[in-house]
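Peer 1: First, the structure itself, so that you have it in front of you.
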Amino acid sequence: MNVLETARKILLLEQREGCRDRAVVGGLDGFLEQVRAVALPTLDEADRRQLGDVIGPLEGYSRASQRDRREMLDSALHALGEALVDRRAVDARPAGRDTLTSPLPQAGEEKLRPPAGEGTAPKRVKKLPSATSTRAMASDLDLPIDQVPGVSAAMAPKLKKLGVERARDLLEMYPFRHMDRSSFTPIAELSAGEEATILGTIWDIRSERRRGRMVTTTAVIADKSGSITATWFNQPYLSKTLRQHAEVVLSGKVELFRGRPQLRAPDWELLTEDDLLHTGRIVPVYHLTEGLNQRGMRRLMKRAVDSFAPLLEDFLPEEVRREANVMALSEAVAQYHFPDGWPARDQGQRRLAFDELFLIQITVLRRRRLWQETQPGIALKAEPGWLEQTTRQLPFELTGAQRKVLDDLLADMGSGRPMNRLVQGDVGSGKTVVAALAMLLAARHNYQALLMAPTEILAEQHFRSISALFDQLAGGPFQAPRVALLTGSVKGKARKEVLDGLKAGTIAAAIGTQALIQEGVELQQLGLAVVDEQHRFGVEQSSSLRQKGINPHVLITTATPIPRTLGLTIYGDLDISTIDEMPAGRQPIKTKWFGPEERPKAYSFIRRQVQEGRQAFIICPLIEESEKMEVRAATAEYERLRRLIFPDFKLGLLHGRLKSREKDEVMQAFAGNDIQILVSTSVVEVGIDVPNATVMAIEGAERFGLAQLHQFRGRVGRGEHQSYCMLLSDSPAAELNPRLKAIEETQSGFKLAEIDLELRGPGELFGTRQSGLLELKVAKLTDVDLIEESRRLASGLLERDPNLDASPQLRERLTTFWRGAEAS
Ligand code: ADP
Ligand code: MG
C-alpha cells in the first residue's frame, strides 16, 4: 500500500479515537520515525515534500496535550488531503507529476519579490484556473465538495456543516473582514504595540523545548534596516519549514520582550510560495469551524477562487450591469476574497451586495405581479357610506390615520384582486378596530374571516374585543356575525362545534392561534385572512392561512414597524399602510432607568401609584435557556415581592406554563383590579389592554430587545392617567446599554425600530432566522442607496421583459439563490 494512504488511515483512526495516541502500537512518534527512516528515502522529490508536509505538523505528537494533538492532526490531514487529491489527478495522467505537485515557482517564472522597505505591495500574477483540474468547465462549479481539490476527507464534513455542498458554495463563503497587511514596515521602524508586516531573510531559526512540554521556536529575521526576533509556541515543525536564508513575510503584533521589540506568533509566508496568501497583501479573514484554522481556510479558498471563480457566468443582463456600474462577477468574487487593494475589495463587495438585493427585488416584484395580475380575487365592495354608518356606533372617533388605512383596505378588497397588505402601526395606535372592520365587511358579503394571533392570551383578548365590536358595529338591520375562538385549548365538543360551524359557514369569523392553520380546519368560503403581529410568525404560516381559501384577501398587522429598507426588500411583495397617528389624548409614557441602588425608590413609586388606585406590571428578566427556568425565577420573584415588598397589596403571577384557563383568570382579575400588581414573564408582551395600569416595571431590562421593551411599555398609557415605564437592573453596566438609552429618550416605535436596525441589524429584529427568510451574505439592509438602485433596475428589467425570457441565466441564478438561502 502507498505510504500516504497508510498514514491517512492511521491519522483518521487516531482522530476518531480522540487523539489519545493509541492508533499505532508504540505511539505516533515511533511510527513517524520509522516512516522517516524507511519510507522517505525511497520516494521521489515531490512525494517526499508532500510527506514532509504531513509529518511536519506532527512533530512531538506523543508528548503534546490532547488539544494540541487535535490541531496537529488537522494540519497533517489537511496536507494529506491535498496531497492525495493532487496525486489522484496526477495518477490519471501519464507523466508530469512534478510540475503539477510542486508549489514552488518553476524556472523562468517571475519571482515575487516586493521591494523591501518601500511600503508597497508586491505585484501579483493573475493565476489561471488550477492546473490540477483536467479542464475547467462551468459544470465544475457543481462539483460535490468532497471532490473539490484541496478539500480533504476530514475537511469535507466540516464544510458541509457550514452549508457548503458544492464548489460554488465555497465561493460564497465570503470573508467577514479583511486585514491590511499589504505594506511592509522596515524592521528598524517597528514600534511596540503596532500590527506590522515585515519582509526579511531568516538569519537563524531554532526550536527548543522549555519548561517541560512547551516548544518555543525563535527566529531572527533581518532586512536592510535591521533585525528582529520572532517567536512561536508549540509549532516545532516551523523550524523545518522556515529554514535559514529563506525569505519570509511576517505579520503580527510587535511586543516588547526584555526591552526589545519582538514579533510574537506572527503569521508567516515563505516568499517562495507562488502567491502571497497570509501576509504582504490585504488578507481575508474567514469564519472558522472546529478543526479549520485560518491558514488552512485561506489556502483552501485561494485555490477555490483561482479554480472556480473564472468559471462563474455573469447572470446579470448586460444593460443592468452597465447601469448599475458594477464589476464583472468572476472578478468581483476574486477581489472580494483576495483583493488587489481596498478599492478593488469595495468594488467586489458592491457587486456581490448588488446581486443579492437585485435577486430579492426581481423575486418580490415578480411575485407581486403574479399575485395581482393573474389571480382573480373576490370583490368585496363596501357600499357608499358603509364605513361612516358603521363606525358611528364606535365609542370613539377613528383617527385620520385609521381612516386613511381603511380607505386602502376597502379599495383593495373591492378591487377584484386579492389584497396583500401590511398595516403597521405603533403599539396602541388602534389596529384591532381596523382589522375588525375589514372582517366585518367580509361577513357582510357572506365570506368568512380568520384572525391569527401569536399567543393564546392575545387570541382570547382579540376574541373578546372583536366580539364586542361586532355587537356594537353590526347594529341596525344586520345581525352581529357569529364569532368563534379556536386555540389549542379549545378541545372536545367545543372544538367540534367550531370546526363544524366553519365548514358549514354558520360561523362568520374565527379568531385563534396557529390552531387555525392545522389540518381539519375547513372553511365554507374564506374571504379574508388577518395575521396579527406578523413578525412572530413564519412566512409559511401566513401562507398556510392563505391556503385555507381561494385567493382570499390577506391583511397583516404589525406593531414592529418595518423600516423602509425592509419594506422594499423582504416585504417588497406587500403593499404597506401605516397608522402614523395615536388616538387623541394619549400622553407620552415617562420612561426612566433605575440603577441597582435605586430599587427601593422604584418600589416606593409603585406603592404610591397603587395607593392612588392604579395598577402595575412587573416583568421578570428574560431567561433564554428554558421556559421552565424562567417560570421558576418568575415564581420566586413573585413570592419575594408578595411577602417582603408589597405584603399589603394583591399580587398575581402570569407565565407561559399556566393553563389557558388559568391565564385567562389571572388576566380577568387584573382587568377587574382584583390584582393590583401583576408579576409576569414576557408572555404579557403583546396586545394586553388594561387602561387602569400605569406602571410597567421591567426587571433585567438590558436583556430584552428594543422592540420588546417598546411592546412592554405599550401595555401602559392606554387610559387617561399619566403612565410610567421603569427600567430596572442589577447590573450597573446596564446603564451604558444603548438600547436602554434609546428607549428612555424615544417614544415612537418607528424611530426605535430604525435605531434597533442600526444597533443589531435586521436579522434578530424580524426573526429572519426562524421565519425562513433570507439571510444576506454581503448586502446590508441599511444600505438604502443600493437597495433603491437594485429596485429601480429590477423593476425596469421586468417592464421590458416580465418573464425574463431574454435572461435565462438570471432565471437560473434565481433558483440557486433561493435554494442557497433556504439551506442557510
Ligand atoms: P394596537 O394597534 O396596539 O393593536 P389596539 O387596537 O389594541 O392597539 O387599540 C388600543 C386601544 O385604543 C384599545 O383600547 C382601542 O379600543 C383604543 N382605540 C382604538 N382606536 C381608537 C381611537 N380612534 N380613539 C380612541 N381609542 C381608540
Ligand atoms: Mg394589537
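Here's how to read the names in the C-alpha cells: chain A, B, ... by the order shown, residue numbers from 1 in each chain, ligand numbers from 1 in the order shown.
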Quick one: everything within 8 Å of Leu728 (chain A), counting only C-alpha atoms, minus sequence neighbours fewer than 4 positions away in the same chain. Send it as a ChimeraX atom specification.
Peer 2: /A:593-596,599,697-701
Peer 1: Return as number ranges by chain the residues of protein, DNA or RNA that approach ligand 2 to within 8 Å, with only C-alpha atoms and all ligand atoms taken into account.
Peer 2: A: 427-428, 430-432, 532-533, 557-559, 686-687
Peer 1: Residues at most 10 Å from ligand 1, using only C-alpha atoms and all ligand atoms? Could they come as a PDB file with C-alpha atoms, in the first residue's frame?
Peer 2:
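Below you can see selection_33.pdb, which holds the result:
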```pdb
ATOM      1  CA  LEU A 394     -67.992  53.197  17.984  1.00  0.00           C
ATOM      2  CA  PRO A 395     -67.401  54.828  21.390  1.00  0.00           C
ATOM      3  CA  PHE A 396     -64.634  56.916  19.810  1.00  0.00           C
ATOM      4  CA  GLU A 397     -63.797  58.720  16.581  1.00  0.00           C
ATOM      5  CA  LEU A 398     -61.400  56.953  14.249  1.00  0.00           C
ATOM      6  CA  THR A 399     -58.140  58.793  13.886  1.00  0.00           C
ATOM      7  CA  GLY A 400     -57.296  60.270  10.499  1.00  0.00           C
ATOM      8  CA  ALA A 401     -54.651  57.627  10.078  1.00  0.00           C
ATOM      9  CA  GLN A 402     -57.045  54.777  10.794  1.00  0.00           C
ATOM     10  CA  ARG A 403     -59.436  56.241   8.258  1.00  0.00           C
ATOM     11  CA  VAL A 423     -50.681  47.536   8.209  1.00  0.00           C
ATOM     12  CA  GLN A 424     -48.058  48.801  10.568  1.00  0.00           C
ATOM     13  CA  GLY A 425     -48.873  50.979  13.490  1.00  0.00           C
ATOM     14  CA  ASP A 426     -47.267  51.644  16.798  1.00  0.00           C
ATOM     15  CA  VAL A 427     -48.466  49.865  19.898  1.00  0.00           C
ATOM     16  CA  GLY A 428     -51.834  51.321  20.859  1.00  0.00           C
ATOM     17  CA  SER A 429     -52.427  53.021  17.523  1.00  0.00           C
ATOM     18  CA  GLY A 430     -55.642  51.041  17.101  1.00  0.00           C
ATOM     19  CA  LYS A 431     -55.001  48.285  14.596  1.00  0.00           C
ATOM     20  CA  THR A 432     -57.584  45.928  16.038  1.00  0.00           C
ATOM     21  CA  VAL A 433     -60.565  48.039  15.131  1.00  0.00           C
ATOM     22  CA  VAL A 434     -59.225  48.447  11.608  1.00  0.00           C
ATOM     23  CA  ALA A 435     -58.868  44.679  11.221  1.00  0.00           C
ATOM     24  CA  ALA A 436     -62.284  44.143  12.764  1.00  0.00           C
ATOM     25  CA  LEU A 458     -53.809  37.578  22.660  1.00  0.00           C
ATOM     26  CA  GLN A 461     -58.312  39.108  24.064  1.00  0.00           C
ATOM     27  CA  HIS A 462     -58.934  39.708  20.377  1.00  0.00           C
ATOM     28  CA  SER A 465     -62.789  42.766  21.821  1.00  0.00           C
ATOM     29  CA  ILE A 466     -63.811  41.792  18.305  1.00  0.00           C
ATOM     30  CA  LEU A 469     -67.007  45.432  18.380  1.00  0.00           C
ATOM     31  CA  ASP A 532     -51.761  39.804  13.759  1.00  0.00           C
ATOM     32  CA  GLU A 533     -48.175  40.608  14.664  1.00  0.00           C
ATOM     33  CA  THR A 557     -50.670  43.801  11.048  1.00  0.00           C
ATOM     34  CA  THR A 558     -47.567  44.561  12.985  1.00  0.00           C
ATOM     35  CA  ALA A 559     -46.527  46.873  15.776  1.00  0.00           C
ATOM     36  CA  ILE A 579     -51.158  54.152  11.103  1.00  0.00           C
ATOM     37  CA  GLU A 581     -51.087  58.774  14.487  1.00  0.00           C
ATOM     38  CA  MET A 582     -52.127  57.875  18.004  1.00  0.00           C
ATOM     39  CA  PRO A 583     -55.693  58.242  19.286  1.00  0.00           C
ATOM     40  CA  ALA A 584     -56.190  61.668  20.813  1.00  0.00           C
ATOM     41  CA  GLY A 585     -55.381  62.291  24.443  1.00  0.00           C
ATOM     42  CA  ARG A 586     -52.563  59.789  24.820  1.00  0.00           C
ATOM     43  CA  VAL A 686     -48.143  41.936  23.061  1.00  0.00           C
ATOM     44  CA  GLY A 687     -51.565  43.392  22.999  1.00  0.00           C
ATOM     45  CA  ILE A 688     -52.839  43.165  26.585  1.00  0.00           C
ATOM     46  CA  ASP A 689     -55.226  46.018  27.209  1.00  0.00           C
ATOM     47  CA  VAL A 690     -55.807  47.237  30.785  1.00  0.00           C
ATOM     48  CA  PRO A 691     -56.335  51.020  30.789  1.00  0.00           C
ATOM     49  CA  GLN A 711     -44.039  46.460  23.375  1.00  0.00           C
ATOM     50  CA  GLY A 714     -47.186  49.868  25.212  1.00  0.00           C
ATOM     51  CA  ARG A 715     -49.113  47.902  27.857  1.00  0.00           C
ATOM     52  CA  GLY A 717     -50.622  54.551  28.829  1.00  0.00           C
ATOM     53  CA  ARG A 718     -53.847  53.150  27.435  1.00  0.00           C
ATOM     54  CA  GLY A 719     -56.122  55.158  29.654  1.00  0.00           C
TER      55      GLY A 719
END
```
Peer 1: Find the residue from A:Thr231, A:Lys404, A:Ala504, A:Gly226 that sits nearest to Phe257 (chain A); use only C-alpha atoms when measuring.
Peer 2: A:Thr231
Peer 1: Set the distance at 7 Å and use only C-alpha atoms: which residues neighbour Asp180 (chain A) once local chain neighbours fewer than 3 positions away are removed? I'd like the list as a list in words.
Peer 2: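 Neighbouring residues, sequence-local ones excluded: Arg281, Ile282 and Val283 of chain A.
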